[in-house]
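A.B. asks: Please read through the structure below; I'll follow up with questions.
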Amino acid sequence: RVGGLRAQVVDPASSSRQTPQEAPSARVGLVDWFFGASGIGGKRASFTVAVLGAAGGIGQTLSAFIKANPKVAELRLYDVAPVVRGVAADVSHVNTRAKVSGYVGDDELEACLRGCDLVIIPAGVPRKPGMSRDDLFGVNAGIVRTLCEGVAKTCPNAIVNIISNPVNSTVPIAAEVFKNHGCYDARKLLGVTHLDVMRAKTFVAAAKGFDDPTLVDVPVIGGHAGTTILPLLSQTTPRCSFTPEEVSALTSRIQNGGTEVVEAKGGAGSATLSMAAAAAEFADACLRGLSGESGIWACAYVESKATRAPFFATKVLLGRNGVERVAGTGTLSSYEKRALESMLPELEASIKKGINFLHS
């Protein structure tokens, strides 16, 4: 297990549980490499990464994490807020090899994106108490459209990680933008749902008495909002049993983890720190795939045929071209089958809303 994501060596199609065995490599987690351990995955590469929305609550912390990744040679930070230049100066003092520069506003977006290998988009307004992720659509949809237009014009071959909520809608928006520009490659567009996986690992570890949550694996499928988030507790490893009450309670807490943080912060913020950590781990997985490492599996929200929904989160195999294989759902419990059927109409509606936004 490297960088918090499983280095797996078995095709999930060969296992109904889709939990391939780990490669026999040492575990190196996010904190390890952030504080100077040997490079994640053991290989050093030279990638250019852009964070769009780098002055925000997620963006600033994410930028610090990305600066610490030894696979990054150049880090470009973009925002409409001029303070992003200060963020870039601040992050540049971290003693790693990545060179950092800041870019402000529409006029500098092209310069920021030129030649990027990976573009991470956390830009947008955060949730406040009483707001759902869908409440953010009106503002964030336009932001994602504008930024993806810049990607399409400047670095159409880059892998794009979408964090901006509602992910269930913003990923389809990005896809439509790229289609309009003739550069859509489904392998290179990924919605970041890794925070749901992080929460599932953390909450299950606590419930079952596992000392180290990084040793727990819980696939999380569906989408990235409310009941569209479906942790597959029946596929948990190490294998363990759950009572119906535990399944219900854990599923609900994983689905509402973001609301838990928003309420705990009392309106002063949303889940920025954990989201930044999750995005950094997922970005590292993408870079490991780009650098040629094999067996890199992670959950992500992508174009999929796993269900009738055109976009869906399952485990995906990451490689030199982004997503190389999209796994199915595996064998589901009766509870998970009911939950999947129940959530699909909401997920499909969110996808349609995103697509319609580009054509309205």
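Here's how to read the names in the structure tokens: chain A, B, ... by the order shown, residue numbers from 1 in each chain, ligand numbers from 1 in the order shown.
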Quick one: pick out all helix (DSSP H, G or I) residues within range 137-231 of chain A from a backbone DSSP run and write them as an MDAnalysis selection string.
C.D. replies: chainID A and resid 137:154 167:180 186:188 194:208 213:215 226:228
A.B. asks: Name the closest residue to Ala306 in chain A among the candidates A:Ser342, A:Ile221, A:Asp284, A:Ala50; distances are taken between atoms, counting only C-alpha atoms.
C.D. replies: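 Comparing A:Ser342, A:Ile221, A:Asp284, A:Ala50 against Ala306 in chain A, the winner is A:Ile221.
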A.B. asks: If you run DSSP over the backbone, which residues in range 151-278 of chain A end up strand (DSSP E)? Put them as an MDAnalysis selection string.
C.D. replies: chainID A and resid 159:162 189:191 220:222 229:231
A.B. asks: Output C-alpha atoms for every residue in the selection just made, as a PDB file, in the first residue's frame.
C.D. replies:
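The resulting file, result.pdb, is shown below:
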ATOM      1  CA  ILE A 159      -5.536  14.348 -16.821  1.00  0.00           C
ATOM      2  CA  VAL A 160      -8.217  16.381 -15.038  1.00  0.00           C
ATOM      3  CA  ASN A 161      -9.299  15.749 -11.443  1.00  0.00           C
ATOM      4  CA  ILE A 162     -12.600  17.442 -10.570  1.00  0.00           C
ATOM      5  CA  LEU A 189     -11.556  12.966 -16.723  1.00  0.00           C
ATOM      6  CA  LEU A 190     -12.011  11.828 -13.132  1.00  0.00           C
ATOM      7  CA  GLY A 191     -14.261  13.040 -10.340  1.00  0.00           C
ATOM      8  CA  VAL A 220     -17.262   3.248  -2.257  1.00  0.00           C
ATOM      9  CA  ILE A 221     -19.361   3.387  -5.407  1.00  0.00           C
ATOM     10  CA  GLY A 222     -22.046   5.595  -6.956  1.00  0.00           C
ATOM     11  CA  ILE A 229     -22.506   7.558  -1.910  1.00  0.00           C
ATOM     12  CA  LEU A 230     -22.628   3.798  -1.348  1.00  0.00           C
ATOM     13  CA  PRO A 231     -19.901   2.145   0.746  1.00  0.00           C
TER      14      PRO A 231
END
A.B. asks: Give me the residues near range 137-143 of chain A as a compact mmCIF listing (two decimals) with N, CA, C and O atoms, in the first residue's frame, where near means some atom within 12 Å (using only C-alpha atoms) and where sequence neighbours in that chain fewer than 3 positions away do not count.
C.D. replies:
# COMPACT_ATOMS: atom_id res chain seq x y z
N LEU A 52 -6.25 24.60 -9.73
CA LEU A 52 -7.11 25.72 -10.10
C LEU A 52 -8.11 25.97 -8.98
O LEU A 52 -8.99 25.15 -8.73
N GLY A 53 -7.94 27.10 -8.31
CA GLY A 53 -8.69 27.39 -7.10
C GLY A 53 -7.77 27.23 -5.90
O GLY A 53 -8.17 26.79 -4.83
N ASP A 79 -5.83 31.18 -9.28
CA ASP A 79 -7.08 31.60 -8.66
C ASP A 79 -7.46 32.96 -9.23
O ASP A 79 -6.63 33.65 -9.81
N VAL A 80 -8.72 33.32 -9.05
CA VAL A 80 -9.14 34.67 -9.43
C VAL A 80 -8.78 35.66 -8.33
O VAL A 80 -8.76 36.87 -8.56
N ASP A 106 -8.34 35.52 -15.47
CA ASP A 106 -8.54 34.93 -16.79
C ASP A 106 -7.34 35.12 -17.72
O ASP A 106 -6.99 34.24 -18.50
N ILE A 121 -8.92 20.56 -9.95
CA ILE A 121 -9.85 21.69 -9.87
C ILE A 121 -10.70 21.62 -8.60
O ILE A 121 -11.74 20.96 -8.56
N PRO A 122 -10.25 22.32 -7.53
CA PRO A 122 -11.08 22.47 -6.33
C PRO A 122 -11.83 23.80 -6.28
O PRO A 122 -12.47 24.11 -5.27
N ALA A 123 -11.76 24.59 -7.35
CA ALA A 123 -12.34 25.93 -7.36
C ALA A 123 -13.84 25.91 -7.12
O ALA A 123 -14.54 24.98 -7.52
N GLY A 124 -14.33 26.95 -6.46
CA GLY A 124 -15.77 27.06 -6.23
C GLY A 124 -16.07 27.51 -4.82
O GLY A 124 -15.18 27.67 -3.98
N VAL A 125 -17.35 27.72 -4.56
CA VAL A 125 -17.76 28.15 -3.22
C VAL A 125 -17.97 26.93 -2.34
O VAL A 125 -18.38 25.87 -2.81
N PRO A 126 -17.68 27.05 -1.04
CA PRO A 126 -17.84 25.91 -0.12
C PRO A 126 -19.26 25.81 0.41
O PRO A 126 -20.06 26.75 0.30
N ARG A 127 -19.56 24.66 0.98
CA ARG A 127 -20.86 24.46 1.61
C ARG A 127 -20.94 25.18 2.95
O ARG A 127 -19.95 25.36 3.64
N MET A 131 -26.84 23.67 3.60
CA MET A 131 -26.68 23.56 2.15
C MET A 131 -26.34 22.13 1.76
O MET A 131 -25.57 21.45 2.45
N SER A 132 -26.89 21.68 0.66
CA SER A 132 -26.47 20.42 0.06
C SER A 132 -25.41 20.74 -0.99
O SER A 132 -25.24 21.89 -1.38
N ARG A 133 -24.72 19.71 -1.45
CA ARG A 133 -23.76 19.94 -2.52
C ARG A 133 -24.46 20.48 -3.76
O ARG A 133 -23.90 21.27 -4.52
N ASP A 134 -25.69 20.06 -3.98
CA ASP A 134 -26.42 20.50 -5.16
C ASP A 134 -26.73 22.00 -5.09
O ASP A 134 -26.89 22.65 -6.12
N THR A 146 -15.76 27.36 -17.21
CA THR A 146 -14.72 28.29 -17.64
C THR A 146 -13.33 27.68 -17.54
O THR A 146 -12.51 27.79 -18.47
N LEU A 147 -13.06 27.01 -16.43
CA LEU A 147 -11.74 26.43 -16.25
C LEU A 147 -11.49 25.29 -17.22
O LEU A 147 -10.38 25.14 -17.76
N CYS A 148 -12.51 24.49 -17.48
CA CYS A 148 -12.34 23.37 -18.42
C CYS A 148 -12.20 23.86 -19.85
O CYS A 148 -11.53 23.21 -20.67
N GLU A 149 -12.80 24.98 -20.17
CA GLU A 149 -12.56 25.58 -21.48
C GLU A 149 -11.09 25.95 -21.64
O GLU A 149 -10.49 25.77 -22.70
N GLY A 150 -10.50 26.45 -20.55
CA GLY A 150 -9.08 26.75 -20.58
C GLY A 150 -8.24 25.51 -20.77
O GLY A 150 -7.26 25.51 -21.54
N ILE A 162 -11.56 16.49 -10.96
CA ILE A 162 -12.60 17.44 -10.57
C ILE A 162 -12.97 17.23 -9.10
O ILE A 162 -13.40 16.15 -8.70
N ILE A 163 -12.81 18.28 -8.31
CA ILE A 163 -13.20 18.28 -6.90
C ILE A 163 -14.42 19.16 -6.68
O ILE A 163 -15.22 18.92 -5.78
N SER A 164 -14.58 20.20 -7.49
CA SER A 164 -15.65 21.18 -7.31
C SER A 164 -17.01 20.51 -7.25
O SER A 164 -17.38 19.74 -8.13
N ASN A 165 -17.76 20.83 -6.20
CA ASN A 165 -19.10 20.25 -6.03
C ASN A 165 -20.17 21.03 -6.77
O ASN A 165 -20.02 22.22 -7.02
N PRO A 166 -21.27 20.37 -7.13
CA PRO A 166 -21.57 18.95 -6.95
C PRO A 166 -20.89 18.09 -8.02
O PRO A 166 -21.17 18.23 -9.20
N VAL A 167 -19.98 17.21 -7.57
CA VAL A 167 -19.20 16.38 -8.50
C VAL A 167 -20.10 15.56 -9.42
O VAL A 167 -19.76 15.35 -10.59
N ASN A 168 -21.26 15.13 -8.90
CA ASN A 168 -22.17 14.35 -9.73
C ASN A 168 -22.59 15.10 -10.98
O ASN A 168 -22.93 14.50 -12.01
N SER A 169 -22.57 16.44 -10.93
CA SER A 169 -22.94 17.28 -12.07
C SER A 169 -21.75 17.94 -12.74
O SER A 169 -21.76 18.15 -13.96
N THR A 170 -20.72 18.30 -11.97
CA THR A 170 -19.61 19.05 -12.57
C THR A 170 -18.75 18.19 -13.48
O THR A 170 -18.17 18.69 -14.46
N VAL A 171 -18.64 16.89 -13.19
CA VAL A 171 -17.90 16.02 -14.10
C VAL A 171 -18.60 15.92 -15.46
O VAL A 171 -17.94 16.06 -16.51
N PRO A 172 -19.92 15.72 -15.50
CA PRO A 172 -20.60 15.76 -16.81
C PRO A 172 -20.46 17.12 -17.51
O PRO A 172 -20.37 17.17 -18.74
N ILE A 173 -20.44 18.20 -16.75
CA ILE A 173 -20.22 19.51 -17.35
C ILE A 173 -18.86 19.54 -18.04
O ILE A 173 -18.74 19.97 -19.20
N ALA A 174 -17.83 19.09 -17.33
CA ALA A 174 -16.48 19.06 -17.91
C ALA A 174 -16.45 18.21 -19.17
O ALA A 174 -15.84 18.59 -20.18
N GLU A 176 -18.86 17.61 -21.27
CA GLU A 176 -19.52 18.32 -22.37
C GLU A 176 -18.64 19.43 -22.93
O GLU A 176 -18.61 19.66 -24.15
N VAL A 177 -17.92 20.13 -22.06
CA VAL A 177 -17.00 21.16 -22.52
C VAL A 177 -15.95 20.55 -23.44
O VAL A 177 -15.67 21.06 -24.54
N SER A 350 -28.85 14.27 -11.56
CA SER A 350 -27.72 15.18 -11.39
C SER A 350 -26.84 15.22 -12.63
O SER A 350 -26.34 16.28 -13.03
N ILE A 351 -26.64 14.07 -13.24
CA ILE A 351 -25.86 14.01 -14.48
C ILE A 351 -26.56 14.80 -15.59
O ILE A 351 -25.94 15.59 -16.30
N LYS A 353 -28.65 17.20 -15.24
CA LYS A 353 -28.59 18.63 -14.91
C LYS A 353 -27.28 19.23 -15.39
O LYS A 353 -27.26 20.35 -15.93
N GLY A 354 -26.18 18.51 -15.21
CA GLY A 354 -24.90 19.01 -15.67
C GLY A 354 -24.82 19.11 -17.18
O GLY A 354 -24.35 20.10 -17.72
N ILE A 355 -25.30 18.07 -17.86
CA ILE A 355 -25.29 18.09 -19.32
C ILE A 355 -26.16 19.21 -19.87
O ILE A 355 -25.76 19.93 -20.79
N ASN A 356 -27.34 19.37 -19.28
CA ASN A 356 -28.27 20.40 -19.75
C ASN A 356 -27.70 21.80 -19.54
O ASN A 356 -28.01 22.73 -20.30
N PHE A 357 -26.87 21.97 -18.51
CA PHE A 357 -26.28 23.28 -18.24
C PHE A 357 -25.47 23.78 -19.43
O PHE A 357 -25.46 24.98 -19.73
N LEU A 358 -24.80 22.86 -20.10
CA LEU A 358 -23.98 23.26 -21.26
C LEU A 358 -24.81 23.52 -22.51
O LEU A 358 -24.32 24.12 -23.46
